[in-house]
Each structure stands twice: as C-alpha cells, then as structure tokens.
Number of protein chains: 2
Amino acid sequence: MDLLTALMTRRSIRKYQPQSVPGELVEKLLRAAMQAPSARNAQPWEFILLDDRNLLAQIPKICPNAPMAAHAPLGILVCGNLDLEKSEGFWVIDCSAAIQNMLLAAHGLGLGAVWCGIYPRQERVAGIRQLLHIPERVIPHSLVLVGYPAESPQPEDRYHPERVYKNRWGQKD
Amino acid sequence: MDLLTALMTRRSIRKYQPQSVPGELVEKLLRAAMQAPSARNAQPWEFILLDDRNLLAQIPKICPNAPMAAHAPLGILVCGNLDLEKSEGFWVIDCSAAIQNMLLAAHGLGLGAVWCGIYPRQERVAGIRQLLHIPERVIPHSLVLVGYPAESPQPEDRYHPERVYKNRWGQKD
C-alpha cells in the first residue's frame, strides 16, 4: 500500500474475523514498531504478545476501553522499560511512535487494529501489571488489538486548517 | 513510496538544503498528522509553522537538542490543547501519534525531518511558550524540523526479538 494512502485511510478496527494472525505478519508489525524514532535512540520498548483466550477475556475488566479484547485474535501489549530510557520521561512518547508505526503496518498488511490506552490510568497499569507479572521498572503503555477486519469503516477527513498558526500563536500569515 | 518501505527506511534528517518546503507539501504533512488516532477521537492538537529565521535561530537556546533549528527551512511545532482533550492525560500520546505520521509523510514526500522533544522538559515548555505567545492551556509538545535532505543516512535495523514475550512477562513460548 502507498504510504500516503495508508496514512489517510487508516481507521481503528474493533471487529475481527476469527482466524489468527500469521506469525510472519506479527513479526512485520513488531519490526515496524521497533523502527520508530526515540529520544536519543534509546528504543525503550518491550512487547508482550497475547493470544491466550483466558487472558484476553480478562482485559476488559481491567481496561473498560478494550471490550474488543475478549474477541480479538491477538493483543500486542507495548510497555516502556525505564531501565532502557536515556532521556527521563520520554518513554511515553517513544512508545507512542512505535505504536503508530504498528497501526499503520497493520493497515498496510490487510489487518485491522485498535489502540487501547493504558498509561497514564494508574488502575489499568496496576491491573495489567498484575495479570502479566510485569516488573516494577516496566510500565504497560497501551494494548494494540489486531486481527483480520470484520468491519470496514470509511476514511474520515480530520483536517482542521484552523488549528494551524504561523510563527506565533493565533497568527494566520 | 510503499508503506512498509517507508516504515523501515525512515531516519532522522538533521541537515537540510536551503530551499523552502512548498506549501502543498506542508499541507500534506499537516493532513497526515491530523489523521492520527487519538483517545476518544479528540484530536487535541494544534500546530505552529515556523519559518521566521529570527525565531528559528532562538530555538537552540531553549531546546539544546535542536541546534538544527537555526538552519532548518521549516519548523512545525506540535502542541496539545487541554481544552480539546476528552480523556485526561492522553494528549501527550495523541500528539506523538500525529508527529510520527508527519515524520513518515515527510520521508515519503522526499523531505527529511527530525523530532525534537520539548514536553515533558518544563524549561523547554516555558521557553517555547514565551517565544511564541502560547496560552496556558496549550502545551508545546515537540518541534519537528523539516527540509529537503542534505544527508542520506542508511536505514538501521532496530529489530530486537529478545524484547518480545508471550502471554506473560519473561515468557518466550
């Protein structure tokens, strides 16, 4: 898929066909994520693949924004590892860039994905940490659910030129 | 450019040719940024284009990570607007996704770009706020510098399969 087409047509996909995501596509998603830029190139991310149905069924109790987890073939939990960070506080931003790469790659590979936020909601962070035995210096950032799409939402035009200023806040020329 | 090629080959570009970035390409960068996903689709971002050389020359004093600003044809400051946010605290993540879209679009359009972090460094936030007269509820997140590339760094393989676990922290199968 053409890059600009992918950027302009990607939508969140919350309904999936039942078949699992082939391993070679999962690797492509992970490779895309790990190519993201990060502060001082620290690459402070870790990933936990979730395909255990019992585990995925427990996610919505912890993350009320992720009811789709109960039916998604795959979850990819993205975490920030504070021991890998080089610029304090930038792990949140770095992991976000990795996730956006992953969402775009999913779209380009004919998959569908949705980004479910965990951090900075502390009750979600604690619940996911406990569920997956994640150590203290690793922080669950977001859960990406992935599968072959069972819905095809139309592209949405989100361009708001009124949100663009020039050389100073509020200035238009 | 093919999406997966773009994802795998994008690098930070810190040296630029002197010519300015055409307006139609700037619009494509902004459109790509604004297509990003955001928590509850709040799209809590605002943008300030910087092409005033006097302004750009002052950036490195505020952001020591952005010496390239003094020579970049264009800066795109990405800000989060707390009054547009629907899920408290997620504006940081939402703006990061928009920036990653913008960096990829720049690469696909034959431009080069680099992501210079501002937030959460409070002295950078305060300095940029003062320089560009940004109101209190709008927070400078990052500065993206853009121009036609005057360097062409090779793609870097950042894949670390040892950072991937399955169904539980530390578990490999």
# chains A, B, ... in the order shown; residues from 1 in each chain; ligands from 1
call {"tool": "calpha_fit_and_write", "arguments": {"fixed": "chain A", "moving": "chain B", "output": "PDB file with C-alpha atoms, in the first residue's frame"}}
result
ATOM      1  CA  MET B   1       0.022  -0.022   0.007  1.00  0.00           C
ATOM      2  CA  ASP B   2       1.167   3.493  -0.775  1.00  0.00           C
ATOM      3  CA  LEU B   3       2.374   5.395   2.305  1.00  0.00           C
ATOM      4  CA  LEU B   4       0.185   8.463   1.910  1.00  0.00           C
ATOM      5  CA  THR B   5      -2.844   6.298   1.151  1.00  0.00           C
ATOM      6  CA  ALA B   6      -2.140   4.329   4.313  1.00  0.00           C
ATOM      7  CA  LEU B   7      -1.767   7.476   6.401  1.00  0.00           C
ATOM      8  CA  MET B   8      -5.020   8.951   5.088  1.00  0.00           C
ATOM      9  CA  THR B   9      -7.197   5.812   5.166  1.00  0.00           C
ATOM     10  CA  ARG B  10      -6.229   4.007   8.389  1.00  0.00           C
ATOM     11  CA  ARG B  11      -9.120   3.665  10.828  1.00  0.00           C
ATOM     12  CA  SER B  12      -9.467   1.856  14.143  1.00  0.00           C
ATOM     13  CA  ILE B  13     -10.805  -1.667  13.633  1.00  0.00           C
ATOM     14  CA  ARG B  14     -12.720  -3.122  16.569  1.00  0.00           C
ATOM     15  CA  LYS B  15     -14.317  -6.197  14.966  1.00  0.00           C
ATOM     16  CA  TYR B  16     -12.234  -9.099  13.726  1.00  0.00           C
ATOM     17  CA  GLN B  17     -12.600 -12.314  11.816  1.00  0.00           C
ATOM     18  CA  PRO B  18     -11.890 -15.374  13.986  1.00  0.00           C
ATOM     19  CA  GLN B  19      -8.702 -16.586  12.272  1.00  0.00           C
ATOM     20  CA  SER B  20      -5.374 -15.905  13.930  1.00  0.00           C
ATOM     21  CA  VAL B  21      -2.714 -13.516  12.665  1.00  0.00           C
ATOM     22  CA  PRO B  22       0.116 -15.410  10.901  1.00  0.00           C
ATOM     23  CA  GLY B  23       3.473 -15.295  12.666  1.00  0.00           C
ATOM     24  CA  GLU B  24       5.239 -13.620   9.749  1.00  0.00           C
ATOM     25  CA  LEU B  25       2.768 -10.728   9.879  1.00  0.00           C
ATOM     26  CA  VAL B  26       3.197 -10.413  13.638  1.00  0.00           C
ATOM     27  CA  GLU B  27       6.932 -10.105  13.052  1.00  0.00           C
ATOM     28  CA  LYS B  28       6.343  -7.365  10.476  1.00  0.00           C
ATOM     29  CA  LEU B  29       4.222  -5.451  12.980  1.00  0.00           C
ATOM     30  CA  LEU B  30       6.942  -5.746  15.623  1.00  0.00           C
ATOM     31  CA  ARG B  31       9.675  -4.749  13.172  1.00  0.00           C
ATOM     32  CA  ALA B  32       7.693  -1.679  12.121  1.00  0.00           C
ATOM     33  CA  ALA B  33       7.144  -0.716  15.757  1.00  0.00           C
ATOM     34  CA  MET B  34      10.825  -1.045  16.643  1.00  0.00           C
ATOM     35  CA  GLN B  35      11.900   1.158  13.713  1.00  0.00           C
ATOM     36  CA  ALA B  36      10.258   4.176  15.363  1.00  0.00           C
ATOM     37  CA  PRO B  37      12.382   7.119  16.441  1.00  0.00           C
ATOM     38  CA  SER B  38      13.011   7.519  20.161  1.00  0.00           C
ATOM     39  CA  ALA B  39      14.721  10.068  22.367  1.00  0.00           C
ATOM     40  CA  ARG B  40      18.475   9.570  21.910  1.00  0.00           C
ATOM     41  CA  ASN B  41      17.571   6.395  20.007  1.00  0.00           C
ATOM     42  CA  ALA B  42      17.020   4.591  23.311  1.00  0.00           C
ATOM     43  CA  GLN B  43      14.297   2.284  21.904  1.00  0.00           C
ATOM     44  CA  PRO B  44      12.902   1.846  25.442  1.00  0.00           C
ATOM     45  CA  TRP B  45      10.103  -0.544  24.474  1.00  0.00           C
ATOM     46  CA  GLU B  46       9.133  -4.137  25.253  1.00  0.00           C
ATOM     47  CA  PHE B  47       6.250  -6.173  23.849  1.00  0.00           C
ATOM     48  CA  ILE B  48       4.042  -8.948  25.159  1.00  0.00           C
ATOM     49  CA  LEU B  49       2.001 -10.878  22.596  1.00  0.00           C
ATOM     50  CA  LEU B  50      -1.331 -12.045  23.963  1.00  0.00           C
ATOM     51  CA  ASP B  51      -3.180 -14.887  22.283  1.00  0.00           C
ATOM     52  CA  ASP B  52      -4.308 -16.824  25.345  1.00  0.00           C
ATOM     53  CA  ARG B  53      -8.099 -16.538  25.274  1.00  0.00           C
ATOM     54  CA  ASN B  54      -8.420 -16.673  29.058  1.00  0.00           C
ATOM     55  CA  LEU B  55      -6.012 -13.773  29.418  1.00  0.00           C
ATOM     56  CA  LEU B  56      -7.640 -11.721  26.672  1.00  0.00           C
ATOM     57  CA  ALA B  57     -11.050 -12.305  28.264  1.00  0.00           C
ATOM     58  CA  GLN B  58      -9.804 -10.671  31.467  1.00  0.00           C
ATOM     59  CA  ILE B  59      -8.587  -7.478  29.763  1.00  0.00           C
ATOM     60  CA  PRO B  60     -11.975  -5.686  29.600  1.00  0.00           C
ATOM     61  CA  LYS B  61     -12.355  -5.926  33.368  1.00  0.00           C
ATOM     62  CA  ILE B  62      -9.083  -4.004  33.715  1.00  0.00           C
ATOM     63  CA  CYS B  63      -9.412  -1.777  30.648  1.00  0.00           C
ATOM     64  CA  PRO B  64     -13.043  -0.746  30.144  1.00  0.00           C
ATOM     65  CA  ASN B  65     -11.958   0.866  26.858  1.00  0.00           C
ATOM     66  CA  ALA B  66     -10.977  -2.558  25.478  1.00  0.00           C
ATOM     67  CA  PRO B  67     -14.129  -4.739  25.385  1.00  0.00           C
ATOM     68  CA  MET B  68     -12.904  -5.942  21.947  1.00  0.00           C
ATOM     69  CA  ALA B  69     -10.042  -7.805  23.636  1.00  0.00           C
ATOM     70  CA  ALA B  70     -12.418 -10.628  24.501  1.00  0.00           C
ATOM     71  CA  HIS B  71     -12.838 -11.395  20.787  1.00  0.00           C
ATOM     72  CA  ALA B  72      -9.548 -10.209  19.246  1.00  0.00           C
ATOM     73  CA  PRO B  73      -7.247 -12.925  17.860  1.00  0.00           C
ATOM     74  CA  LEU B  74      -4.168 -11.070  19.104  1.00  0.00           C
ATOM     75  CA  GLY B  75      -3.189  -8.398  21.562  1.00  0.00           C
ATOM     76  CA  ILE B  76       0.187  -6.694  21.493  1.00  0.00           C
ATOM     77  CA  LEU B  77       0.949  -5.024  24.786  1.00  0.00           C
ATOM     78  CA  VAL B  78       3.509  -2.255  24.433  1.00  0.00           C
ATOM     79  CA  CYS B  79       5.485  -1.398  27.549  1.00  0.00           C
ATOM     80  CA  GLY B  80       8.118   1.168  28.406  1.00  0.00           C
ATOM     81  CA  ASN B  81      11.217  -0.065  30.221  1.00  0.00           C
ATOM     82  CA  LEU B  82      12.583   2.689  32.473  1.00  0.00           C
ATOM     83  CA  ASP B  83      15.954   0.953  32.592  1.00  0.00           C
ATOM     84  CA  LEU B  84      16.304   1.366  28.822  1.00  0.00           C
ATOM     85  CA  GLU B  85      15.382   5.046  28.774  1.00  0.00           C
ATOM     86  CA  LYS B  86      18.127   7.635  28.133  1.00  0.00           C
ATOM     87  CA  SER B  87      16.054  10.839  28.457  1.00  0.00           C
ATOM     88  CA  GLU B  88      13.852  10.765  31.527  1.00  0.00           C
ATOM     89  CA  GLY B  89      10.149  10.926  30.829  1.00  0.00           C
ATOM     90  CA  PHE B  90      10.326  10.428  27.069  1.00  0.00           C
ATOM     91  CA  TRP B  91       9.462   6.721  27.127  1.00  0.00           C
ATOM     92  CA  VAL B  92       5.749   7.591  26.892  1.00  0.00           C
ATOM     93  CA  ILE B  93       6.301   9.486  23.662  1.00  0.00           C
ATOM     94  CA  ASP B  94       8.712   6.913  22.229  1.00  0.00           C
ATOM     95  CA  CYS B  95       6.277   4.040  22.797  1.00  0.00           C
ATOM     96  CA  SER B  96       3.514   6.083  21.157  1.00  0.00           C
ATOM     97  CA  ALA B  97       5.570   6.486  17.981  1.00  0.00           C
ATOM     98  CA  ALA B  98       6.222   2.730  17.925  1.00  0.00           C
ATOM     99  CA  ILE B  99       2.503   2.031  18.283  1.00  0.00           C
ATOM    100  CA  GLN B 100       1.566   4.385  15.468  1.00  0.00           C
ATOM    101  CA  ASN B 101       4.056   2.584  13.204  1.00  0.00           C
ATOM    102  CA  MET B 102       2.446  -0.704  14.191  1.00  0.00           C
ATOM    103  CA  LEU B 103      -1.096   0.526  13.442  1.00  0.00           C
ATOM    104  CA  LEU B 104      -0.040   1.736  10.021  1.00  0.00           C
ATOM    105  CA  ALA B 105       1.769  -1.515   9.257  1.00  0.00           C
ATOM    106  CA  ALA B 106      -1.329  -3.494  10.248  1.00  0.00           C
ATOM    107  CA  HIS B 107      -3.437  -1.434   7.858  1.00  0.00           C
ATOM    108  CA  GLY B 108      -0.930  -1.923   5.042  1.00  0.00           C
ATOM    109  CA  LEU B 109      -0.833  -5.677   5.628  1.00  0.00           C
ATOM    110  CA  GLY B 110      -4.614  -6.033   5.358  1.00  0.00           C
ATOM    111  CA  LEU B 111      -5.063  -6.372   9.096  1.00  0.00           C
ATOM    112  CA  GLY B 112      -7.114  -4.176  11.366  1.00  0.00           C
ATOM    113  CA  ALA B 113      -6.013  -2.801  14.712  1.00  0.00           C
ATOM    114  CA  VAL B 114      -7.142  -0.547  17.516  1.00  0.00           C
ATOM    115  CA  TRP B 115      -5.098   1.334  20.106  1.00  0.00           C
ATOM    116  CA  CYS B 116      -6.369   0.881  23.674  1.00  0.00           C
ATOM    117  CA  GLY B 117      -4.792   3.274  26.154  1.00  0.00           C
ATOM    118  CA  ILE B 118      -3.474   1.999  29.492  1.00  0.00           C
ATOM    119  CA  TYR B 119      -0.944   4.564  30.762  1.00  0.00           C
ATOM    120  CA  PRO B 120      -1.435   7.082  32.401  1.00  0.00           C
ATOM    121  CA  ARG B 121      -4.526   5.438  34.012  1.00  0.00           C
ATOM    122  CA  GLN B 122      -2.910   4.006  37.129  1.00  0.00           C
ATOM    123  CA  GLU B 123      -5.639   1.417  37.820  1.00  0.00           C
ATOM    124  CA  ARG B 124      -5.176  -0.019  34.324  1.00  0.00           C
ATOM    125  CA  VAL B 125      -1.382  -0.027  34.697  1.00  0.00           C
ATOM    126  CA  ALA B 126      -1.670  -1.883  38.013  1.00  0.00           C
ATOM    127  CA  GLY B 127      -4.218  -4.388  36.708  1.00  0.00           C
ATOM    128  CA  ILE B 128      -2.256  -5.270  33.584  1.00  0.00           C
ATOM    129  CA  ARG B 129       0.986  -5.444  35.584  1.00  0.00           C
ATOM    130  CA  GLN B 130      -0.559  -7.975  37.939  1.00  0.00           C
ATOM    131  CA  LEU B 131      -2.220 -10.015  35.163  1.00  0.00           C
ATOM    132  CA  LEU B 132       1.028 -10.422  33.171  1.00  0.00           C
ATOM    133  CA  HIS B 133       3.590 -10.416  36.023  1.00  0.00           C
ATOM    134  CA  ILE B 134       5.311  -7.277  34.755  1.00  0.00           C
ATOM    135  CA  PRO B 135       8.176  -5.977  36.923  1.00  0.00           C
ATOM    136  CA  GLU B 136       8.095  -2.536  38.510  1.00  0.00           C
ATOM    137  CA  ARG B 137      10.518  -0.791  36.131  1.00  0.00           C
ATOM    138  CA  VAL B 138       8.447  -1.814  33.107  1.00  0.00           C
ATOM    139  CA  ILE B 139       5.251   0.150  32.548  1.00  0.00           C
ATOM    140  CA  PRO B 140       2.320  -1.085  30.444  1.00  0.00           C
ATOM    141  CA  HIS B 141       1.697   1.759  27.982  1.00  0.00           C
ATOM    142  CA  SER B 142      -1.007   0.581  25.571  1.00  0.00           C
ATOM    143  CA  LEU B 143      -2.642  -2.528  24.213  1.00  0.00           C
ATOM    144  CA  VAL B 144      -2.991  -2.905  20.453  1.00  0.00           C
ATOM    145  CA  LEU B 145      -5.630  -5.407  19.351  1.00  0.00           C
ATOM    146  CA  VAL B 146      -5.109  -6.984  15.938  1.00  0.00           C
ATOM    147  CA  GLY B 147      -6.966  -9.291  13.582  1.00  0.00           C
ATOM    148  CA  TYR B 148      -8.343  -9.599  10.097  1.00  0.00           C
ATOM    149  CA  PRO B 149     -11.022  -6.902   9.857  1.00  0.00           C
ATOM    150  CA  ALA B 150     -14.721  -7.775  10.108  1.00  0.00           C
ATOM    151  CA  GLU B 151     -15.718  -4.141   9.530  1.00  0.00           C
ATOM    152  CA  SER B 152     -14.511  -1.564   7.021  1.00  0.00           C
ATOM    153  CA  PRO B 153     -15.129   1.971   8.259  1.00  0.00           C
ATOM    154  CA  GLN B 154     -14.792   4.684   5.624  1.00  0.00           C
ATOM    155  CA  PRO B 155     -11.806   7.035   5.774  1.00  0.00           C
ATOM    156  CA  GLU B 156     -12.569  10.160   7.770  1.00  0.00           C
ATOM    157  CA  ASP B 157     -11.265  13.634   6.867  1.00  0.00           C
ATOM    158  CA  ARG B 158      -9.820  15.100  10.059  1.00  0.00           C
ATOM    159  CA  TYR B 159      -8.085  18.099   8.521  1.00  0.00           C
ATOM    160  CA  HIS B 160      -8.649  21.274  10.542  1.00  0.00           C
ATOM    161  CA  PRO B 161      -6.697  24.124   8.941  1.00  0.00           C
ATOM    162  CA  GLU B 162      -7.938  26.439  11.686  1.00  0.00           C
ATOM    163  CA  ARG B 163      -5.605  24.571  14.048  1.00  0.00           C
ATOM    164  CA  VAL B 164      -2.552  25.824  12.147  1.00  0.00           C
ATOM    165  CA  TYR B 165      -0.808  29.091  13.020  1.00  0.00           C
ATOM    166  CA  LYS B 166       2.286  30.794  11.688  1.00  0.00           C
ATOM    167  CA  ASN B 167       5.307  31.973  13.675  1.00  0.00           C
ATOM    168  CA  ARG B 168       3.202  32.870  16.709  1.00  0.00           C
ATOM    169  CA  TRP B 169       0.126  31.519  18.473  1.00  0.00           C
ATOM    170  CA  GLY B 170      -3.075  32.893  16.884  1.00  0.00           C
ATOM    171  CA  GLN B 171      -1.300  34.335  13.847  1.00  0.00           C
ATOM    172  CA  LYS B 172      -2.523  33.221  10.429  1.00  0.00           C
ATOM    173  CA  ASP B 173       0.015  34.771   8.004  1.00  0.00           C
TER     174      ASP B 173
END
call {"tool": "select_by_dssp", "arguments": {"residues": "chain A", "states": "strand (DSSP E or B)", "output": "PyMOL selection string"}}
result
chain A and resi 2+16+45-50+74-81+112-117+138-147+149+164-166
call {"tool": "write_last_selection", "arguments": {"atoms": "N, CA, C and O atoms", "output": "compact mmCIF listing (two decimals), in the first residue's frame"}}
result
# COMPACT_ATOMS: atom_id res chain seq x y z
N ASP A 2 0.45 2.23 -0.74
CA ASP A 2 1.17 3.51 -0.78
C ASP A 2 1.13 4.19 0.60
O ASP A 2 0.10 4.16 1.28
N TYR A 16 -13.22 -8.29 14.42
CA TYR A 16 -12.23 -9.11 13.72
C TYR A 16 -12.83 -10.44 13.30
O TYR A 16 -13.71 -10.98 13.96
N TRP A 45 11.37 0.20 24.51
CA TRP A 45 10.11 -0.56 24.47
C TRP A 45 10.30 -2.05 24.65
O TRP A 45 11.36 -2.60 24.36
N GLU A 46 9.24 -2.68 25.12
CA GLU A 46 9.14 -4.14 25.25
C GLU A 46 7.72 -4.51 24.81
O GLU A 46 6.82 -3.67 24.87
N PHE A 47 7.54 -5.74 24.41
CA PHE A 47 6.26 -6.16 23.85
C PHE A 47 5.84 -7.50 24.45
O PHE A 47 6.68 -8.40 24.62
N ILE A 48 4.57 -7.64 24.75
CA ILE A 48 4.05 -8.95 25.16
C ILE A 48 2.90 -9.31 24.22
O ILE A 48 1.90 -8.58 24.15
N LEU A 49 3.07 -10.40 23.48
CA LEU A 49 2.01 -10.88 22.60
C LEU A 49 1.00 -11.66 23.43
O LEU A 49 1.38 -12.51 24.24
N LEU A 50 -0.27 -11.38 23.21
CA LEU A 50 -1.33 -12.05 23.96
C LEU A 50 -2.24 -12.79 22.99
O LEU A 50 -2.93 -12.15 22.17
N LEU A 74 -5.50 -11.38 18.59
CA LEU A 74 -4.17 -11.07 19.10
C LEU A 74 -4.18 -9.71 19.80
O LEU A 74 -4.79 -8.76 19.31
N GLY A 75 -3.48 -9.66 20.91
CA GLY A 75 -3.18 -8.39 21.55
C GLY A 75 -1.68 -8.20 21.57
O GLY A 75 -0.93 -9.17 21.75
N ILE A 76 -1.23 -7.00 21.33
CA ILE A 76 0.19 -6.70 21.48
C ILE A 76 0.30 -5.60 22.54
O ILE A 76 -0.09 -4.46 22.31
N LEU A 77 0.78 -6.00 23.71
CA LEU A 77 0.96 -5.03 24.78
C LEU A 77 2.30 -4.34 24.60
O LEU A 77 3.33 -5.01 24.47
N VAL A 78 2.28 -3.02 24.56
CA VAL A 78 3.52 -2.26 24.42
C VAL A 78 3.85 -1.65 25.78
O VAL A 78 2.99 -1.01 26.40
N CYS A 79 5.05 -1.88 26.24
CA CYS A 79 5.49 -1.40 27.55
C CYS A 79 6.72 -0.51 27.40
O CYS A 79 7.51 -0.70 26.47
N GLY A 80 6.90 0.40 28.33
CA GLY A 80 8.13 1.17 28.41
C GLY A 80 9.00 0.62 29.52
O GLY A 80 8.50 0.33 30.61
N ASN A 81 10.29 0.45 29.22
CA ASN A 81 11.22 -0.06 30.22
C ASN A 81 12.09 1.10 30.71
O ASN A 81 12.93 1.62 29.96
N GLY A 112 -6.49 -5.31 10.71
CA GLY A 112 -7.12 -4.18 11.37
C GLY A 112 -6.64 -4.13 12.80
O GLY A 112 -6.37 -5.18 13.41
N ALA A 113 -6.53 -2.93 13.35
CA ALA A 113 -6.01 -2.80 14.71
C ALA A 113 -6.67 -1.62 15.41
O ALA A 113 -7.19 -0.70 14.76
N VAL A 114 -6.66 -1.68 16.72
CA VAL A 114 -7.15 -0.55 17.52
C VAL A 114 -6.21 -0.34 18.70
O VAL A 114 -5.67 -1.30 19.25
N TRP A 115 -6.00 0.89 19.03
CA TRP A 115 -5.09 1.32 20.11
C TRP A 115 -5.91 1.53 21.38
O TRP A 115 -6.76 2.43 21.40
N CYS A 116 -5.66 0.74 22.40
CA CYS A 116 -6.36 0.88 23.68
C CYS A 116 -5.39 1.44 24.72
O CYS A 116 -4.41 0.77 25.08
N GLY A 117 -5.69 2.61 25.21
CA GLY A 117 -4.79 3.28 26.15
C GLY A 117 -4.79 2.63 27.53
O GLY A 117 -5.85 2.26 28.05
N VAL A 138 9.05 -1.72 34.43
CA VAL A 138 8.45 -1.82 33.10
C VAL A 138 6.99 -1.38 33.23
O VAL A 138 6.28 -1.86 34.12
N ILE A 139 6.58 -0.44 32.38
CA ILE A 139 5.25 0.15 32.55
C ILE A 139 4.37 -0.15 31.34
O ILE A 139 4.72 0.21 30.20
N PRO A 140 3.25 -0.84 31.55
CA PRO A 140 2.32 -1.08 30.45
C PRO A 140 1.82 0.26 29.90
O PRO A 140 1.28 1.07 30.65
N HIS A 141 2.04 0.48 28.61
CA HIS A 141 1.71 1.77 27.98
C HIS A 141 0.36 1.67 27.27
O HIS A 141 -0.54 2.47 27.52
N SER A 142 0.22 0.70 26.37
CA SER A 142 -1.01 0.58 25.57
C SER A 142 -1.15 -0.85 25.11
O SER A 142 -0.16 -1.58 25.01
N LEU A 143 -2.37 -1.21 24.79
CA LEU A 143 -2.64 -2.52 24.20
C LEU A 143 -3.16 -2.29 22.79
O LEU A 143 -4.11 -1.54 22.59
N VAL A 144 -2.52 -2.95 21.83
CA VAL A 144 -2.99 -2.90 20.45
C VAL A 144 -3.66 -4.23 20.15
O VAL A 144 -3.04 -5.29 20.32
N LEU A 145 -4.91 -4.19 19.74
CA LEU A 145 -5.63 -5.41 19.35
C LEU A 145 -5.57 -5.53 17.84
O LEU A 145 -5.71 -4.53 17.12
N VAL A 146 -5.35 -6.76 17.36
CA VAL A 146 -5.10 -6.98 15.93
C VAL A 146 -5.86 -8.21 15.44
O VAL A 146 -5.95 -9.22 16.14
N GLY A 147 -6.35 -8.13 14.22
CA GLY A 147 -6.96 -9.28 13.57
C GLY A 147 -7.31 -8.92 12.14
O GLY A 147 -7.13 -7.77 11.72
N PRO A 149 -9.86 -7.75 9.59
CA PRO A 149 -11.03 -6.90 9.85
C PRO A 149 -12.36 -7.58 9.52
O PRO A 149 -12.47 -8.28 8.52
N VAL A 164 -3.92 25.57 12.60
CA VAL A 164 -2.54 25.82 12.15
C VAL A 164 -2.26 27.33 12.20
O VAL A 164 -3.00 28.13 11.61
N TYR A 165 -1.20 27.68 12.90
CA TYR A 165 -0.80 29.08 13.01
C TYR A 165 0.58 29.28 12.41
O TYR A 165 1.23 28.32 12.03
N LYS A 166 0.99 30.53 12.33
CA LYS A 166 2.27 30.79 11.69
C LYS A 166 3.14 31.73 12.52
O LYS A 166 2.77 32.88 12.76
call {"tool": "select_by_dssp", "arguments": {"residues": "chain B", "states": "alpha helix (DSSP H)", "output": "PyMOL selection string"}}
result
chain B and resi 3-9+23-34+53-62+91-108+122-132
